[in-house]
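Student: Below are the structure tokens for one structure; questions will follow.
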Amino acid sequence: MKLATWNVNSLAVRLPQLLDWLALQQPDAVVLQETKLTDDKFPQAELAAAGWHSAWFGQKTYNGVALLTRHAPATNVVRNIPGLDDAQARVIAGSVAGVRVIGAYFPNGQAPGSEKFAYKMGWLDALRAWVADELTRHPRLVLLGDYNIAPEDRDVYDPVAWAGQIHCTPEERAHFQGLLGLGLVDAFRLFEQPPKSWSWWDYRNLAFRKNQGLRIDHILVSTALQPTVTGCSIDKLPRKNERPSDHAPVLVEISA
DNA sequence: ATGACTCCCAGTGGGAGA
């Protein structure tokens, strides 16, 4: 099966592109972040007309996530982290063909020491505890989305300039390692990849043209699934659109 | 360079993103 994650930065703006991309890639399941739509505005009919089942969870202006599936509706759908009192719509999980799929839009964190950074840390604590629990029930699990964390210096176009900055702080990287410690592996790094592989490029400064970006969108697979992973890649093509999201989709292929 | 762009809600400016 083929799974994908894409921060679309407004589903209202990106829906035509998303439909084109789904037709091209034909994934089995896709998680979206930053839909920026209240639930009443989710384009369920348009996606259904294109052959997609949808589960969604949004809010006004910010955040918002969705889980699209090709063959059947996702089952046992969960919205946000159980037990975490969170006003922000950041997580949607569901079971797809025997795989537990958790799509997440991790908090940005703004700047180390800020209130939003503290929120990010608390959210990451809750996520880790919940994913640990999910793994006991669902050994075949994929955690994918916009992590807003660049795990290593090789995931940053200018690691000196970004040292200690948001997405690159030791605290955020420790949380990423903590998720790996649950028994998850970064699918992208299971394979040889082009150097300077990023999933996000700033809209400003001709950053995409200069390939100045960060790898902050990730697909973590459980150790039970790891032997069945046959590929993982970033699809830069949508970032070349006339009106792109600032993020590119990431895809993983699982043979089982 | 505390910028640059894009999106949103607002309403002709400002917050947020990363």
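Ordering of the structure tokens sets the chain letters (A, B, ...), residue numbers begin anew at 1 in every chain, and ligands are numbered from 1 in the order given.
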Using only C-alpha atoms, tabulate the residues of range 85-162 of chain A lying at most 10 Å from any atom of range 168-185 of chain A, each with its closest atom pair and that distance in Å to one decimal, by chain and increasing residue number, as JSON lines.

Tutor:
{"residue": "A:Gly109", "atom": "CA", "partner": "A:Glu172", "partner_atom": "CA", "distance": 9.5}
{"residue": "A:Ala111", "atom": "CA", "partner": "A:Thr169", "partner_atom": "CA", "distance": 9.5}
{"residue": "A:Pro112", "atom": "CA", "partner": "A:Thr169", "partner_atom": "CA", "distance": 7.5}
{"residue": "A:Phe117", "atom": "CA", "partner": "A:Glu172", "partner_atom": "CA", "distance": 9.5}
{"residue": "A:Lys120", "atom": "CA", "partner": "A:Glu172", "partner_atom": "CA", "distance": 8.7}
{"residue": "A:Met121", "atom": "CA", "partner": "A:Glu172", "partner_atom": "CA", "distance": 7.7}
{"residue": "A:Leu124", "atom": "CA", "partner": "A:His175", "partner_atom": "CA", "distance": 6.8}
{"residue": "A:Asp125", "atom": "CA", "partner": "A:His175", "partner_atom": "CA", "distance": 7.9}
{"residue": "A:Leu127", "atom": "CA", "partner": "A:Leu179", "partner_atom": "CA", "distance": 8.8}
{"residue": "A:Arg128", "atom": "CA", "partner": "A:Leu179", "partner_atom": "CA", "distance": 6.1}
{"residue": "A:Ala129", "atom": "CA", "partner": "A:Leu182", "partner_atom": "CA", "distance": 9.3}
{"residue": "A:Val131", "atom": "CA", "partner": "A:Leu182", "partner_atom": "CA", "distance": 8.0}
{"residue": "A:Ala132", "atom": "CA", "partner": "A:Leu182", "partner_atom": "CA", "distance": 6.2}
{"residue": "A:Asp133", "atom": "CA", "partner": "A:Leu182", "partner_atom": "CA", "distance": 9.8}
{"residue": "A:Leu135", "atom": "CA", "partner": "A:Leu182", "partner_atom": "CA", "distance": 8.3}
{"residue": "A:Pro139", "atom": "CA", "partner": "A:Gly183", "partner_atom": "CA", "distance": 9.4}
{"residue": "A:Leu141", "atom": "CA", "partner": "A:Leu184", "partner_atom": "CA", "distance": 8.6}
{"residue": "A:Val142", "atom": "CA", "partner": "A:Leu184", "partner_atom": "CA", "distance": 8.3}
{"residue": "A:Leu143", "atom": "CA", "partner": "A:Leu184", "partner_atom": "CA", "distance": 8.4}
{"residue": "A:Tyr147", "atom": "CA", "partner": "A:Phe176", "partner_atom": "CA", "distance": 8.7}
{"residue": "A:Asn148", "atom": "CA", "partner": "A:Glu172", "partner_atom": "CA", "distance": 8.8}
{"residue": "A:Ile149", "atom": "CA", "partner": "A:Glu172", "partner_atom": "CA", "distance": 6.3}
{"residue": "A:Ala150", "atom": "CA", "partner": "A:Cys168", "partner_atom": "CA", "distance": 5.6}
{"residue": "A:Pro151", "atom": "CA", "partner": "A:Arg173", "partner_atom": "CA", "distance": 5.4}
{"residue": "A:Glu152", "atom": "CA", "partner": "A:Arg173", "partner_atom": "CA", "distance": 7.5}
{"residue": "A:Asp153", "atom": "CA", "partner": "A:Cys168", "partner_atom": "CA", "distance": 8.0}
{"residue": "A:Asp155", "atom": "CA", "partner": "A:Cys168", "partner_atom": "CA", "distance": 9.3}
{"residue": "A:Val156", "atom": "CA", "partner": "A:Cys168", "partner_atom": "CA", "distance": 8.4}
{"residue": "A:Pro159", "atom": "CA", "partner": "A:Cys168", "partner_atom": "CA", "distance": 8.4}
{"residue": "A:Trp162", "atom": "CA", "partner": "A:Cys168", "partner_atom": "CA", "distance": 6.6}

Student: Which residues of chain B are close to chain A, meaning at most 7 Å apart when you count only C-alpha atoms (C1' of nucleotides), and how do they look as a PyMOL selection string?

Tutor: chain B and resi 4-5+8

Student: Store the residues of this selection in a file with C-alpha atoms (C1' of nucleotides), as a CSV table (one decimal), in the first residue's frame.

Tutor:
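New file out-v6.csv:
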chain,number,residue,atom,x,y,z
B,4,DA,C1',11.1,39.2,1.7
B,5,DC,C1',5.5,35.4,0.7
B,8,DC,C1',-6.8,34.0,6.8

Student: Taking the DSSP secondary structure from the backbone, can you list the residues of range 169-254 of chain A that are helix (DSSP H, G or I), as a PyMOL selection string?

Tutor: chain A and resi 170-181+187-190+226-228+237-240

Student: Out of range 46-197 of chain A, which residues get strand (DSSP E or B) from DSSP, as a ChimeraX atom specification?

Tutor: /A:53-57,65-69,75-79,91-96,99-105,141-146,156,184-186

Student: So which residues touch range 104-106 of chain A within 7 Å, counting only C-alpha atoms (C1' of nucleotides), skipping near sequence neighbours fewer than 3 positions away, as number ranges by chain?

Tutor: A: 33, 90-92, 144-148

Student: Can I get the selected residues back with N, CA and C atoms, as a compact mmCIF listing (two decimals), in the first residue's frame?

Tutor:
# COMPACT_ATOMS: atom_id res chain seq x y z
N GLN A 33 -2.71 18.22 6.32
CA GLN A 33 -2.61 19.16 7.44
C GLN A 33 -2.88 20.57 6.92
N ARG A 90 -5.55 19.02 15.42
CA ARG A 90 -4.21 18.67 14.94
C ARG A 90 -4.01 17.19 14.61
N VAL A 91 -4.91 16.34 15.02
CA VAL A 91 -4.67 14.91 14.85
C VAL A 91 -5.92 14.22 14.33
N ILE A 92 -5.74 13.32 13.35
CA ILE A 92 -6.80 12.39 12.97
C ILE A 92 -6.18 11.03 12.72
N LEU A 144 2.43 9.87 10.70
CA LEU A 144 2.94 10.71 9.61
C LEU A 144 2.26 12.08 9.64
N GLY A 145 3.00 13.06 9.13
CA GLY A 145 2.45 14.40 9.10
C GLY A 145 3.53 15.46 9.08
N ASP A 146 3.09 16.67 9.41
CA ASP A 146 3.99 17.82 9.51
C ASP A 146 4.46 17.90 10.96
N TYR A 147 5.69 17.44 11.20
CA TYR A 147 6.22 17.37 12.56
C TYR A 147 6.72 18.73 13.05
N ASN A 148 6.99 19.63 12.14
CA ASN A 148 7.64 20.90 12.53
C ASN A 148 8.89 20.66 13.36

Student: Under the rule that only C-alpha atoms are counted, which of A:Gly122, A:Pro73, A:Pro43, A:Pro195 is the nearest residue to Leu19 in chain A?

Tutor: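 Once distances to Leu19 in chain A are computed over only C-alpha atoms, the minimum belongs to A:Pro43.
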
Student: Which polymer residues have any atom within 12 Å of an atom of Pro249 in chain A, counting only C-alpha atoms (C1' of nucleotides), with same-chain residues fewer than 4 positions away left out, as a PyMOL selection string?

Tutor: chain A and resi 3-9+17-18+21-22+25+27+30-33+144-146+198-200+215-219+232-239+244-245

Student: With C-alpha atoms retained, could you export that selection as a PDB file, in the first residue's frame?

Tutor:
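Contents of result_11.pdb, as written:
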ATOM      1  CA  LEU A   3       0.510   6.182   2.154  1.00  0.00           C
ATOM      2  CA  ALA A   4       1.145   9.910   1.952  1.00  0.00           C
ATOM      3  CA  THR A   5       1.183  13.079   4.010  1.00  0.00           C
ATOM      4  CA  TRP A   6       0.791  16.623   2.722  1.00  0.00           C
ATOM      5  CA  ASN A   7       0.472  19.963   4.447  1.00  0.00           C
ATOM      6  CA  VAL A   8      -1.718  21.707   1.871  1.00  0.00           C
ATOM      7  CA  ASN A   9      -1.764  25.161   3.539  1.00  0.00           C
ATOM      8  CA  GLN A  17      -4.231  20.567  -7.063  1.00  0.00           C
ATOM      9  CA  LEU A  18      -4.978  17.886  -4.492  1.00  0.00           C
ATOM     10  CA  TRP A  21      -2.214  14.871  -7.393  1.00  0.00           C
ATOM     11  CA  LEU A  22      -4.440  12.092  -6.006  1.00  0.00           C
ATOM     12  CA  GLN A  25      -0.280   9.186  -7.339  1.00  0.00           C
ATOM     13  CA  PRO A  27      -2.268   6.472  -2.887  1.00  0.00           C
ATOM     14  CA  VAL A  30      -3.465  10.334   2.570  1.00  0.00           C
ATOM     15  CA  VAL A  31      -3.345  12.566   5.612  1.00  0.00           C
ATOM     16  CA  LEU A  32      -3.635  16.318   5.142  1.00  0.00           C
ATOM     17  CA  GLN A  33      -2.614  19.156   7.436  1.00  0.00           C
ATOM     18  CA  LEU A 144       2.939  10.714   9.609  1.00  0.00           C
ATOM     19  CA  GLY A 145       2.449  14.401   9.104  1.00  0.00           C
ATOM     20  CA  ASP A 146       3.990  17.820   9.513  1.00  0.00           C
ATOM     21  CA  TRP A 198      13.664  19.017   2.064  1.00  0.00           C
ATOM     22  CA  SER A 199       9.893  18.896   2.493  1.00  0.00           C
ATOM     23  CA  TRP A 200       9.346  22.607   3.150  1.00  0.00           C
ATOM     24  CA  ARG A 215      12.857  18.351   6.134  1.00  0.00           C
ATOM     25  CA  ILE A 216      10.073  18.646   8.701  1.00  0.00           C
ATOM     26  CA  ASP A 217       7.379  16.368   7.231  1.00  0.00           C
ATOM     27  CA  HIS A 218       7.959  12.772   8.228  1.00  0.00           C
ATOM     28  CA  ILE A 219       6.650   9.228   8.043  1.00  0.00           C
ATOM     29  CA  CYS A 232       9.901   6.514   0.803  1.00  0.00           C
ATOM     30  CA  SER A 233      10.244   9.773  -1.093  1.00  0.00           C
ATOM     31  CA  ILE A 234       9.412  13.464  -1.168  1.00  0.00           C
ATOM     32  CA  ASP A 235       7.381  14.512  -4.209  1.00  0.00           C
ATOM     33  CA  LYS A 236       8.677  17.960  -5.179  1.00  0.00           C
ATOM     34  CA  LEU A 237       6.428  18.277  -8.221  1.00  0.00           C
ATOM     35  CA  PRO A 238       3.488  19.981  -6.424  1.00  0.00           C
ATOM     36  CA  ARG A 239       5.919  22.578  -5.017  1.00  0.00           C
ATOM     37  CA  PRO A 244       1.959  25.802  -4.393  1.00  0.00           C
ATOM     38  CA  SER A 245       1.712  24.895  -0.767  1.00  0.00           C
TER      39      SER A 245
END

Student: One decimal, Å: what's the distance from CA of Asp86 in chain A over to CA of Ala248 in chain A, could you say?

Tutor: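 Computed distance, CA of Asp86 in chain A to CA of Ala248 in chain A, equals 26.8 Å.
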
Student: To one decimal place, how far is CA of Ile102 in chain A from CA of Ala45 in chain A in Å?

Tutor: 23.3 Å

Student: Can you measure CA of Lys196 in chain A to CA of Pro227 in chain A for me? One decimal in Å is fine.

Tutor: 25.8 Å
